[in-house]
Structures are given as C-alpha cells and as structure tokens.
$ cat work03.cif   # mmCIF, C-alpha atoms and all ligand atoms
data_my_file
#
loop_
_atom_site.label_atom_id
_atom_site.label_comp_id
_atom_site.auth_asym_id
_atom_site.auth_seq_id
_atom_site.Cartn_x
_atom_site.Cartn_y
_atom_site.Cartn_z
CA MET A 1 -16.12 -37.45 -52.97
CA ARG A 2 -13.01 -39.54 -53.61
CA ASP A 3 -14.97 -42.61 -52.68
CA ARG A 4 -17.71 -41.71 -55.16
CA LEU A 5 -15.12 -41.34 -57.92
CA ALA A 6 -13.62 -44.73 -57.01
CA ARG A 7 -17.08 -46.33 -57.14
CA LEU A 8 -17.77 -44.74 -60.51
CA ARG A 9 -14.47 -46.03 -61.89
CA ARG A 10 -15.32 -49.53 -60.69
CA ALA A 11 -18.70 -49.32 -62.42
CA MET A 12 -17.02 -48.03 -65.61
CA ARG A 13 -14.53 -50.92 -65.53
CA LYS A 14 -17.37 -53.42 -65.15
CA LYS A 15 -19.15 -51.96 -68.17
CA GLY A 16 -15.98 -51.67 -70.25
CA ILE A 17 -16.13 -47.87 -70.39
CA PRO A 18 -12.66 -46.33 -70.71
CA ALA A 19 -13.73 -42.67 -70.48
CA LEU A 20 -17.01 -41.07 -69.41
CA ALA A 21 -18.34 -37.59 -70.13
CA VAL A 22 -20.58 -36.56 -67.24
CA LEU A 23 -23.04 -33.96 -68.45
CA ASP A 24 -25.88 -34.00 -65.95
CA LEU A 25 -25.36 -31.26 -63.36
CA ARG A 26 -26.75 -33.37 -60.49
CA ASN A 27 -24.24 -36.05 -61.37
CA VAL A 28 -21.47 -33.46 -61.66
CA ARG A 29 -22.44 -32.16 -58.23
CA TYR A 30 -22.46 -35.67 -56.78
CA LEU A 31 -18.94 -36.32 -58.03
CA THR A 32 -17.32 -32.95 -57.42
CA GLY A 33 -19.43 -30.88 -55.00
CA PHE A 34 -19.90 -28.16 -57.66
CA THR A 35 -23.23 -26.37 -57.21
CA GLY A 36 -23.14 -24.03 -60.23
CA SER A 37 -25.31 -24.19 -63.32
CA ALA A 38 -22.72 -24.95 -66.02
CA GLY A 39 -20.17 -27.73 -65.83
CA ALA A 40 -19.18 -31.22 -66.89
CA CYS A 41 -16.64 -33.88 -65.97
CA LEU A 42 -14.41 -36.20 -67.91
CA VAL A 43 -13.46 -39.32 -65.99
CA THR A 44 -10.96 -41.98 -67.03
CA PRO A 45 -9.18 -44.64 -64.92
CA GLY A 46 -6.22 -42.30 -64.37
CA SER A 47 -7.63 -38.79 -64.63
CA ALA A 48 -10.59 -36.68 -63.62
CA VAL A 49 -11.22 -33.28 -65.14
CA PHE A 50 -13.84 -30.75 -64.06
CA ILE A 51 -14.90 -28.45 -66.87
CA THR A 52 -16.62 -25.11 -66.49
CA ASP A 53 -16.39 -21.58 -67.88
CA PHE A 54 -14.97 -18.24 -66.74
CA ARG A 55 -18.08 -17.33 -64.70
CA TYR A 56 -17.48 -20.16 -62.27
CA ARG A 57 -13.70 -19.85 -61.80
CA ALA A 58 -13.84 -18.65 -58.18
CA GLN A 59 -16.73 -20.94 -57.21
CA ALA A 60 -15.02 -23.99 -58.69
CA ALA A 61 -11.80 -23.16 -56.82
CA ARG A 62 -13.81 -23.16 -53.59
CA GLU A 63 -16.02 -26.20 -54.25
CA VAL A 64 -14.07 -28.59 -56.47
CA GLY A 65 -10.90 -30.02 -55.06
CA ARG A 66 -8.47 -32.77 -55.93
CA PRO A 67 -8.35 -35.22 -57.57
CA PHE A 68 -10.28 -33.15 -60.13
CA ARG A 69 -8.14 -31.01 -62.42
CA TYR A 70 -9.72 -27.67 -63.34
CA GLY A 71 -10.37 -27.15 -67.04
CA GLU A 72 -11.75 -23.77 -68.11
CA HIS A 73 -13.42 -23.70 -71.50
CA ARG A 74 -16.04 -21.77 -73.45
CA GLY A 75 -18.63 -24.46 -72.83
CA ALA A 76 -19.10 -28.06 -71.74
CA LEU A 77 -19.02 -29.61 -75.22
CA ALA A 78 -15.97 -27.63 -76.36
CA GLY A 79 -14.30 -28.50 -73.06
CA LEU A 80 -15.02 -32.20 -73.37
CA SER A 81 -13.66 -32.39 -76.91
CA GLU A 82 -10.51 -30.41 -76.05
CA GLU A 83 -9.82 -32.38 -72.87
CA ALA A 84 -10.40 -35.65 -74.75
CA ARG A 85 -7.86 -34.54 -77.36
CA ARG A 86 -5.40 -33.61 -74.63
CA LEU A 87 -5.79 -37.06 -73.06
CA ARG A 88 -5.48 -38.65 -76.52
CA LEU A 89 -8.72 -40.56 -76.02
CA LYS A 90 -10.02 -42.72 -78.85
CA ARG A 91 -13.38 -43.49 -77.26
CA LEU A 92 -15.66 -41.44 -75.09
CA ALA A 93 -18.90 -42.62 -73.51
CA PHE A 94 -21.61 -40.04 -72.71
CA GLU A 95 -24.57 -40.26 -70.35
CA GLU A 96 -27.29 -41.48 -72.70
CA ASN A 97 -30.07 -39.78 -70.74
CA HIS A 98 -28.37 -36.40 -70.67
CA LEU A 99 -27.18 -35.55 -74.18
CA SER A 100 -29.71 -34.13 -76.60
CA TYR A 101 -29.49 -35.17 -80.22
CA GLY A 102 -28.48 -31.62 -81.12
CA ASP A 103 -25.63 -31.65 -78.60
CA PHE A 104 -24.61 -35.13 -79.72
CA ARG A 105 -24.20 -33.80 -83.27
CA ARG A 106 -22.27 -30.76 -82.02
CA LEU A 107 -19.96 -32.95 -79.95
CA ARG A 108 -19.42 -35.27 -82.90
CA LYS A 109 -18.42 -32.30 -85.03
CA LEU A 110 -16.12 -30.84 -82.37
CA ALA A 111 -14.44 -34.16 -81.61
CA ARG A 112 -13.83 -35.65 -85.04
CA GLY A 113 -12.05 -38.99 -84.82
CA LEU A 114 -13.34 -39.65 -81.29
CA LYS A 115 -15.67 -42.62 -81.11
CA LEU A 116 -18.75 -41.65 -79.09
CA SER A 117 -20.92 -44.27 -77.40
CA PRO A 118 -23.90 -44.15 -75.01
CA ALA A 119 -23.51 -45.12 -71.34
CA SER A 120 -26.33 -46.27 -69.05
CA PRO A 121 -27.12 -44.23 -65.88
CA LEU A 122 -24.05 -45.28 -63.84
CA ILE A 123 -23.99 -42.35 -61.44
CA GLU A 124 -27.75 -42.39 -60.88
CA GLU A 125 -27.30 -46.00 -59.83
CA LEU A 126 -24.67 -45.00 -57.22
CA ARG A 127 -26.83 -42.12 -56.00
CA GLN A 128 -29.63 -44.47 -54.95
CA ARG A 129 -27.77 -45.52 -51.81
CA LYS A 130 -27.33 -42.43 -49.68
CA GLU A 131 -24.30 -41.82 -47.48
CA ALA A 132 -24.78 -40.58 -43.90
CA PRO A 133 -24.36 -36.86 -44.74
CA GLU A 134 -26.93 -37.17 -47.53
CA VAL A 135 -29.39 -38.87 -45.18
CA ARG A 136 -28.87 -36.03 -42.71
CA LEU A 137 -29.85 -33.47 -45.35
CA LEU A 138 -32.97 -35.42 -46.32
CA ARG A 139 -33.89 -35.82 -42.66
CA ARG A 140 -33.45 -32.09 -42.18
CA GLY A 141 -35.66 -31.42 -45.20
CA ALA A 142 -38.37 -33.74 -43.91
CA LYS A 143 -38.31 -32.04 -40.53
CA LEU A 144 -38.36 -28.61 -42.09
CA ASN A 145 -41.37 -29.69 -44.17
CA GLY A 146 -43.24 -30.51 -40.99
CA ARG A 147 -42.57 -27.16 -39.37
CA ALA A 148 -43.37 -25.23 -42.54
CA LEU A 149 -46.75 -26.94 -42.94
CA ALA A 150 -47.67 -26.25 -39.32
CA GLN A 151 -46.93 -22.55 -39.95
CA ALA A 152 -48.70 -22.36 -43.31
CA LEU A 153 -51.87 -24.06 -42.06
CA ARG A 154 -52.51 -21.04 -39.86
CA ALA A 155 -53.28 -19.11 -43.05
CA VAL A 156 -55.90 -21.59 -44.27
CA ARG A 157 -59.48 -20.39 -43.87
CA PRO A 158 -62.51 -20.15 -46.17
CA GLY A 159 -61.94 -17.68 -49.01
CA VAL A 160 -58.16 -18.04 -49.15
CA ARG A 161 -56.78 -18.95 -52.58
CA GLU A 162 -54.77 -22.14 -53.11
CA ARG A 163 -52.00 -19.92 -54.48
CA GLU A 164 -51.83 -18.02 -51.19
CA ILE A 165 -51.54 -21.27 -49.23
CA ALA A 166 -48.66 -22.33 -51.52
CA LEU A 167 -46.98 -18.99 -51.02
CA ALA A 168 -47.30 -19.22 -47.22
CA LEU A 169 -45.79 -22.69 -47.35
CA GLU A 170 -42.92 -21.68 -49.60
CA ALA A 171 -42.19 -18.58 -47.51
CA ALA A 172 -42.13 -20.73 -44.37
CA MET A 173 -39.76 -23.23 -45.98
CA ARG A 174 -37.41 -20.44 -47.06
CA ASP A 175 -37.62 -18.84 -43.66
CA LEU A 176 -36.67 -22.15 -42.04
CA GLY A 177 -33.58 -22.53 -44.22
CA ALA A 178 -34.65 -24.16 -47.50
CA SER A 179 -33.00 -22.89 -50.66
CA GLY A 180 -36.35 -23.25 -52.43
CA PRO A 181 -39.22 -25.63 -53.11
CA SER A 182 -38.42 -29.16 -54.40
CA PHE A 183 -41.01 -28.73 -57.17
CA THR A 184 -44.01 -26.56 -58.00
CA THR A 185 -46.12 -26.71 -54.84
CA ILE A 186 -49.35 -28.65 -55.16
CA VAL A 187 -52.40 -27.28 -53.34
CA ALA A 188 -55.48 -28.97 -54.73
CA SER A 189 -58.75 -28.32 -52.91
CA GLY A 190 -62.26 -29.70 -53.23
CA PRO A 191 -62.86 -31.30 -56.65
CA ARG A 192 -59.39 -30.17 -57.81
CA SER A 193 -57.86 -32.74 -55.43
CA ALA A 194 -58.79 -35.34 -58.07
CA LEU A 195 -55.80 -33.99 -60.04
CA PRO A 196 -52.77 -35.93 -58.78
CA HIS A 197 -50.55 -32.96 -59.71
CA GLY A 198 -52.95 -30.06 -59.28
CA VAL A 199 -50.56 -27.16 -58.75
CA ALA A 200 -51.97 -24.32 -56.67
CA SER A 201 -54.57 -22.32 -58.59
CA ASP A 202 -56.70 -19.23 -57.98
CA ARG A 203 -59.48 -21.34 -56.48
CA LYS A 204 -60.69 -20.12 -53.09
CA VAL A 205 -60.99 -22.88 -50.51
CA ARG A 206 -64.42 -23.47 -48.98
CA ARG A 207 -65.81 -25.06 -45.86
CA GLY A 208 -66.20 -28.81 -46.47
CA ASP A 209 -63.16 -29.00 -48.81
CA LEU A 210 -60.44 -31.53 -48.46
CA ILE A 211 -57.14 -29.92 -49.44
CA THR A 212 -54.22 -31.98 -50.76
CA ILE A 213 -50.90 -30.28 -50.09
CA ASP A 214 -47.84 -31.87 -51.75
CA TYR A 215 -44.65 -29.91 -51.31
CA GLY A 216 -41.05 -30.05 -50.24
CA ALA A 217 -37.95 -28.16 -49.24
CA VAL A 218 -34.57 -28.30 -50.94
CA VAL A 219 -31.79 -28.41 -48.36
CA GLU A 220 -28.27 -28.16 -49.78
CA GLY A 221 -29.41 -29.72 -53.03
CA TYR A 222 -31.45 -32.54 -51.45
CA HIS A 223 -35.19 -32.70 -52.13
CA ALA A 224 -37.76 -33.42 -49.44
CA ASP A 225 -41.23 -34.55 -50.49
CA THR A 226 -44.34 -34.77 -48.33
CA THR A 227 -48.10 -34.84 -48.92
CA ARG A 228 -50.78 -34.20 -46.35
CA VAL A 229 -54.51 -33.72 -46.70
CA VAL A 230 -56.39 -31.40 -44.40
CA SER A 231 -60.11 -30.80 -44.11
CA LEU A 232 -61.58 -27.33 -43.89
CA GLY A 233 -64.48 -27.94 -41.56
CA LYS A 234 -66.17 -31.27 -41.07
CA PRO A 235 -65.44 -33.75 -43.89
CA SER A 236 -68.28 -35.72 -45.48
CA ARG A 237 -68.65 -39.44 -44.81
CA LYS A 238 -67.30 -40.30 -48.24
CA TRP A 239 -64.23 -38.12 -47.73
CA ARG A 240 -63.57 -39.81 -44.39
CA GLU A 241 -63.99 -43.22 -45.98
CA ILE A 242 -61.58 -42.50 -48.87
CA TYR A 243 -59.09 -40.99 -46.43
CA ARG A 244 -59.24 -44.08 -44.24
CA ILE A 245 -58.55 -46.41 -47.20
CA VAL A 246 -55.60 -44.35 -48.44
CA LEU A 247 -54.15 -44.11 -44.93
CA GLU A 248 -54.46 -47.86 -44.43
CA ALA A 249 -52.77 -48.48 -47.80
CA GLN A 250 -50.03 -45.97 -47.04
CA MET A 251 -49.27 -47.48 -43.64
CA ALA A 252 -49.19 -51.01 -45.08
CA ALA A 253 -46.66 -49.90 -47.70
CA VAL A 254 -44.49 -48.12 -45.11
CA GLU A 255 -44.63 -51.30 -43.04
CA ALA A 256 -43.39 -53.32 -46.03
CA VAL A 257 -40.21 -51.24 -46.43
CA ALA A 258 -37.10 -53.21 -45.40
CA PRO A 259 -33.72 -54.08 -46.90
CA GLY A 260 -33.86 -56.91 -49.43
CA VAL A 261 -37.54 -56.31 -50.23
CA PRO A 262 -38.42 -55.80 -53.91
CA ALA A 263 -39.73 -52.25 -54.37
CA ALA A 264 -42.64 -53.74 -56.34
CA GLU A 265 -43.77 -55.48 -53.14
CA VAL A 266 -44.01 -52.18 -51.30
CA ASP A 267 -46.20 -50.96 -54.14
CA ALA A 268 -48.29 -54.13 -53.99
CA ALA A 269 -48.84 -53.72 -50.23
CA ALA A 270 -50.60 -50.40 -50.86
CA ARG A 271 -52.31 -51.44 -54.09
CA ARG A 272 -53.89 -54.56 -52.58
CA ILE A 273 -55.77 -52.50 -50.00
CA ILE A 274 -56.98 -49.92 -52.51
CA GLU A 275 -58.05 -52.68 -54.92
CA LYS A 276 -59.90 -54.56 -52.21
CA ALA A 277 -61.82 -51.42 -51.36
CA GLY A 278 -62.92 -51.22 -55.02
CA TYR A 279 -60.77 -48.29 -56.14
CA ALA A 280 -58.14 -50.07 -58.30
CA LYS A 281 -58.76 -47.78 -61.28
CA ALA A 282 -58.56 -44.67 -59.10
CA PHE A 283 -54.91 -45.31 -58.17
CA GLY A 284 -53.13 -44.88 -61.49
CA HIS A 285 -49.60 -44.02 -60.42
CA GLY A 286 -46.74 -45.80 -58.66
CA THR A 287 -46.52 -45.86 -54.87
CA GLY A 288 -43.23 -43.98 -54.64
CA HIS A 289 -39.78 -43.04 -55.81
CA GLY A 290 -36.31 -42.31 -54.53
CA VAL A 291 -35.46 -38.73 -53.52
CA GLY A 292 -32.10 -37.02 -53.37
CA LEU A 293 -30.35 -34.56 -55.66
CA GLU A 294 -33.50 -34.91 -57.78
CA ILE A 295 -37.10 -34.97 -56.67
CA HIS A 296 -37.69 -38.16 -58.63
CA GLU A 297 -34.86 -40.67 -58.80
CA GLY A 298 -34.31 -44.38 -58.33
CA PRO A 299 -35.46 -46.75 -57.00
CA ARG A 300 -38.94 -46.97 -58.54
CA VAL A 301 -41.58 -48.13 -56.10
CA ALA A 302 -44.12 -49.21 -58.69
CA PRO A 303 -45.66 -52.27 -60.33
CA GLY A 304 -43.07 -54.01 -62.50
CA SER A 305 -40.10 -52.33 -60.79
CA ARG A 306 -37.10 -54.63 -60.58
CA ASP A 307 -35.37 -52.53 -57.92
CA ILE A 308 -34.56 -54.15 -54.59
CA LEU A 309 -34.51 -51.96 -51.49
CA GLU A 310 -31.10 -51.54 -49.90
CA PRO A 311 -29.89 -49.78 -46.75
CA GLY A 312 -29.36 -46.09 -47.45
CA MET A 313 -32.14 -45.74 -49.98
CA VAL A 314 -34.68 -43.02 -49.24
CA VAL A 315 -38.04 -43.53 -50.93
CA THR A 316 -41.42 -41.88 -50.80
CA VAL A 317 -44.56 -43.86 -50.02
CA GLU A 318 -47.53 -42.03 -51.52
CA PRO A 319 -50.57 -44.00 -52.63
CA GLY A 320 -53.72 -42.08 -53.55
CA ILE A 321 -57.29 -42.36 -54.76
CA TYR A 322 -58.54 -39.88 -57.37
CA LEU A 323 -62.18 -39.61 -58.43
CA PRO A 324 -62.63 -37.11 -61.27
CA GLY A 325 -65.26 -34.48 -60.58
CA TRP A 326 -65.37 -35.35 -56.91
CA GLY A 327 -61.88 -35.21 -55.41
CA GLY A 328 -59.01 -37.26 -54.16
CA VAL A 329 -56.62 -38.08 -51.34
CA ARG A 330 -52.89 -38.82 -51.29
CA ILE A 331 -50.67 -39.27 -48.25
CA GLU A 332 -46.89 -39.21 -48.64
CA ASP A 333 -43.98 -39.88 -46.31
CA MET A 334 -40.23 -40.18 -46.87
CA VAL A 335 -38.80 -43.45 -45.61
CA LEU A 336 -35.15 -44.42 -45.13
CA VAL A 337 -34.23 -48.07 -45.62
CA THR A 338 -31.92 -49.01 -42.72
CA GLY A 339 -29.81 -52.11 -42.06
CA LYS A 340 -32.61 -53.71 -40.10
CA GLY A 341 -35.79 -52.10 -41.38
CA LYS A 342 -36.81 -48.51 -41.88
CA GLU A 343 -36.94 -45.06 -40.41
CA VAL A 344 -39.84 -42.82 -41.37
CA LEU A 345 -38.23 -39.41 -41.93
CA THR A 346 -41.54 -37.54 -42.10
CA LYS A 347 -42.30 -37.39 -38.42
CA LEU A 348 -43.78 -34.10 -37.46
CA ILE A 349 -47.08 -34.02 -39.26
CA SER A 350 -49.93 -36.19 -38.08
CA LYS A 351 -51.40 -38.64 -40.54
CA GLU A 352 -54.78 -38.45 -38.89
CA LEU A 353 -57.05 -36.24 -40.96
CA VAL A 354 -56.43 -32.74 -39.66
CA ILE A 355 -59.64 -30.73 -39.40
CA LEU A 356 -59.13 -26.97 -39.51
N1 LIG A 401 -45.29 -34.13 -56.48
C1 LIG A 401 -44.29 -35.02 -56.75
C2 LIG A 401 -44.37 -36.28 -56.01
O1 LIG A 401 -44.89 -36.37 -54.93
O2 LIG A 401 -43.85 -37.23 -56.47
MN MN A 402 -44.87 -35.24 -53.29
MN MN A 403 -43.29 -37.91 -54.29
#

$ encode --input "work03.cif" --output "structure tokens"
Amino acid sequence: MRDRLARLRRAMRKKGIPALAVLDLRNVRYLTGFTGSAGACLVTPGSAVFITDFRYRAQAAREVGRPFRYGEHRGALAGLSEEARRLRLKRLAFEENHLSYGDFRRLRKLARGLKLSPASPLIEELRQRKEAPEVRLLRRGAKLNGRALAQALRAVRPGVREREIALALEAAMRDLGASGPSFTTIVASGPRSALPHGVASDRKVRRGDLITIDYGAVVEGYHADTTRVVSLGKPSRKWREIYRIVLEAQMAAVEAVAPGVPAAEVDAAARRIIEKAGYAKAFGHGTGHGVGLEIHEGPRVAPGSRDILEPGMVVTVEPGIYLPGWGGVRIEDMVLVTGKGKEVLTKLISKELVIL
C-alpha cells in the first residue's frame, strides 16, 4: 500500500497536482485496503488522510493503517472540506470521473475559498498493472469460475429456465468462496444469445439451443470474467460454423497478447478473422477490457485504443458474432500479460463446443 501511495504522489507531481481528493471507493480501497461502502482520501505530498464516518470506525482501525491518518466525519464531502481547511490547502483536485455535479456544488459550498480543479484518472492508470497478490486473486477467480461452471452445467436440461441456470452458477461460485457475482449473470439461450448482454430471463432452454453463459466471481474485491457457450443437444451446421469462426478469432487475439503490443492490435487480430468470414457488422463491440477492482477497467482492447500492453495487465479476450433473430456466440478468457508473453488465466473450461 505504501508503494501505491508513493506511485500516486509521483503521478500527482508530474501533473502538478498539490492535493487530491479520492472519492471513488475502488480507488480508496486500492490505496488504503478499506473495503467499506463510505469513505474518501485526501492525499498531499506530505500527508494522507482516510475519511469515513462513525459506522466504519472499527473496520477502518482494522483495515487502514499508517501512513493514513484516520479522520472521522459526517460524510465524505464534509470530511474533505474540513481536512483541507486543517491542512490549510488553497487548491484541491478531485477525480473528474467520480464527482457528480451536485456533489461538486456541495463541496464548493462547504469549502469556500478552496480552488477546486478536475484531475484525470490517475489511480485507474496505476491499477492497470497488477501486483503479484492482485494477479493471485484474479487467477483464483478464474479458476473458481471454471469449477462453478462445471457444477452448474449439471443443472442444464430441456425445460430449465435461464434464471435457474444463473442461480445454480451463482450458488456454486458462492459455495466455492466468491463474495458474489462480478456482474449480473448472463445466460442467453437460443435466439436470445444474439443479445450481447442478455441477462438470464424466464426463457426455458430447449434441445438444439446454444446457450451463452457470461459470468464471474468476485474474490476479495477482484472481478473474474468468463464466457462459454454450450449446446443443448446437437448444434445445427450454422451454429457450428459461427462457433468455429468466433473460436478462431478468439484464439488469434489471445495469441497476439504480449508486452509492448498495442491493445488495438489484439482487437484487430480477432476482427480480421470475423471480417474475412463476412460477419464484420455482427461484431459491434471491443475485443476486451482490463479486469480488477472493477469488472471493466483499463486497458481498452478495442479499435482506436491507444493503450499498450504491459506486464501485469490482465485483460479479457471476448470477440463475438451476434445475428438478431437467430442467435450469437461469444467466447471469453482472462489473459495476464507477462514479461515474455502471456498466461491464460481461464484454464479449466474447454473452448471446444460443449454438447450437453
Ligand atoms: N459481461 C461483461 C463482459 O464480459 O464484459
Ligand atoms: Mn464477460
Ligand atoms: Mn468481459
């Protein structure tokens, strides 16, 4: 944690930011280790204050250690303005992506005389490169995902609702140690699989359906993210063909992952194959994204991304083809960028089309 604070201070110095109000809870957690639902930090070159309220006194004492000083206040904004006054600050930068206009006005009112200015996502930038303990949590999540899917697939048979499959999956993840799902579980069967984010519905799965299952476990705050497609009974020729194209695209993109490679090139590796097969318009989203304290974070693996892959980054690779009214396929792995190349963290689930 001390190292993270030192890196943040270096970034602040580079940007000419004398004091930063950290409002986003994921960023607060990253800096301090605090896992509660109300808190903020105030960081300057010589001081670091953690702000929360009465409810979190005991938890903060356990989770947040030096060099953070504990500041108990009625709320984050009141705390920031009072601590800024105490430190005699003249200027305070705030995370531009994490202060609503309403809160900005409230803070301005509370901290009269303090010059407020927006700061770019400094901590999000640091969070892109994972440290070894963070990689371990993501690896654990990926592994847990594999085991949970294997368990949940036992419940899949004709007549079962997508919602029930999602529940079986979420129960298995919890049972295996997840604190919860990374996002609302996607179970999209038959024609519904054309919806890239078709969250589980009341639809009953039928023989001949392809079922897209996109889900993940949160392990100590870190979000795993996997997609697999299974077939209930024998898939049609067209399904098999679409699956083969997406799998080829997905494997080409995984292959392209290496340190120093522009993330846009990983996207292009998948997109080229899907375009060549004639489905350019059916792949309307980016190939992947970073995962960590959030389900979607940097780097962006998409056309036009200017991010360059670096060791320690963990990204998803998840191309898909979606044909409205008919169905779709997406395959998603989590991939760690290493010093020399990559490590695919999603290991346990086969990428061959599983026929149930
Ligand atoms: N369902 C979120 C994702 O795979 O990005
Ligand atoms: Mn996903
Ligand atoms: Mn994803």

$ atom_distance --input "work03.cif" --atom1 "CA of Ile331 (chain A)" --atom2 "atom O2 of ligand LIG 401 (chain A)"
10.9 Å

$ closest_residue --input "work03.cif" --among "A:Ala249, A:Met173, A:Val301, A:Val257" --to "ligand LIG 401 (chain A)" --atoms "only C-alpha atoms and all ligand atoms"
A:Val301

$ residues_near_ligand --input "work03.cif" --ligand "ligand MN 402 (chain A)" --cutoff "7 Å" --atoms "all atoms listed in the file" --output "list in words"
Asp214, Tyr215, Asp225, Thr226, Thr227 and Glu332 of chain A

$ residues_around --input "work03.cif" --residues "region 82-96 of chain A" --least-positions-apart "4" --cutoff "6 Å" --atoms "all atoms listed in the file" --output "tab-separated table (two decimals) with C-alpha atoms, keeping the file's coordinate frame"
chain	number	residue	atom	x	y	z
A	19	ALA	CA	-13.73	-42.67	-70.48
A	20	LEU	CA	-17.01	-41.07	-69.41
A	21	ALA	CA	-18.34	-37.59	-70.13
A	114	LEU	CA	-13.34	-39.65	-81.29
A	115	LYS	CA	-15.67	-42.62	-81.11
A	116	LEU	CA	-18.75	-41.65	-79.09
A	117	SER	CA	-20.92	-44.27	-77.40
A	118	PRO	CA	-23.90	-44.15	-75.01
A	119	ALA	CA	-23.51	-45.12	-71.34

$ atom_distance --input "work03.cif" --atom1 "CA of Pro158 (chain A)" --atom2 "CA of Thr212 (chain A)"
15.2 Å

$ residues_near_ligand --input "work03.cif" --ligand "ligand LIG 401 (chain A)" --cutoff "12 Å" --atoms "only C-alpha atoms and all ligand atoms" --output "ChimeraX atom specification"
/A:181-188,195-200,212-217,223-228,285-291,294-297,300-301,315-320,330-334

$ atom_distance --input "work03.cif" --atom1 "CA of Leu110 (chain A)" --atom2 "CA of Arg69 (chain A)"
21.5 Å

$ closest_residue --input "work03.cif" --among "A:His98, A:Arg244, A:Arg271, A:Arg62" --to "Asn27 (chain A)" --atoms "all atoms listed in the file"
A:His98

$ closest_residue --input "work03.cif" --among "A:Arg136, A:Tyr279, A:Lys340, A:Ala264" --to "Arg306 (chain A)" --atoms "only C-alpha atoms"
A:Ala264

$ closest_residue --input "work03.cif" --among "A:Val314, A:Gly260, A:Leu122, A:Leu232" --to "ligand MN 403 (chain A)" --atoms "only C-alpha atoms and all ligand atoms"
A:Val314

$ closest_residue --input "work03.cif" --among "A:Ile242, A:Leu138, A:Leu153, A:Leu80" --to "Tyr322 (chain A)" --atoms "only C-alpha atoms"
A:Ile242

$ axis_aligned_box --input "work03.cif" --around "region 173-187 of chain A" --padding-each-side "5 Å" --output "AutoDock Vina command-line options"
--center_x -42.7 --center_y -24.0 --center_z -50.0 --size_x 29.4 --size_y 20.3 --size_z 26.0

$ closest_residue --input "work03.cif" --among "A:Ala6, A:Ile355, A:Val335, A:Met313" --to "ligand MN 403 (chain A)" --atoms "only C-alpha atoms and all ligand atoms"
A:Val335

$ residues_around --input "work03.cif" --residues "Ala11 (chain A)" --least-positions-apart "3" --cutoff "12 Å" --atoms "all atoms listed in the file" --output "list in words"
Arg4, Leu5, Ala6, Arg7, Leu8, Lys14, Lys15, Gly16, Ile17, Pro18, Ala19, Leu20, Val43, Thr44, Pro45, Ala119, Ser120, Pro121, Leu122, Ile123, Glu124, Glu125 and Leu126 of chain A
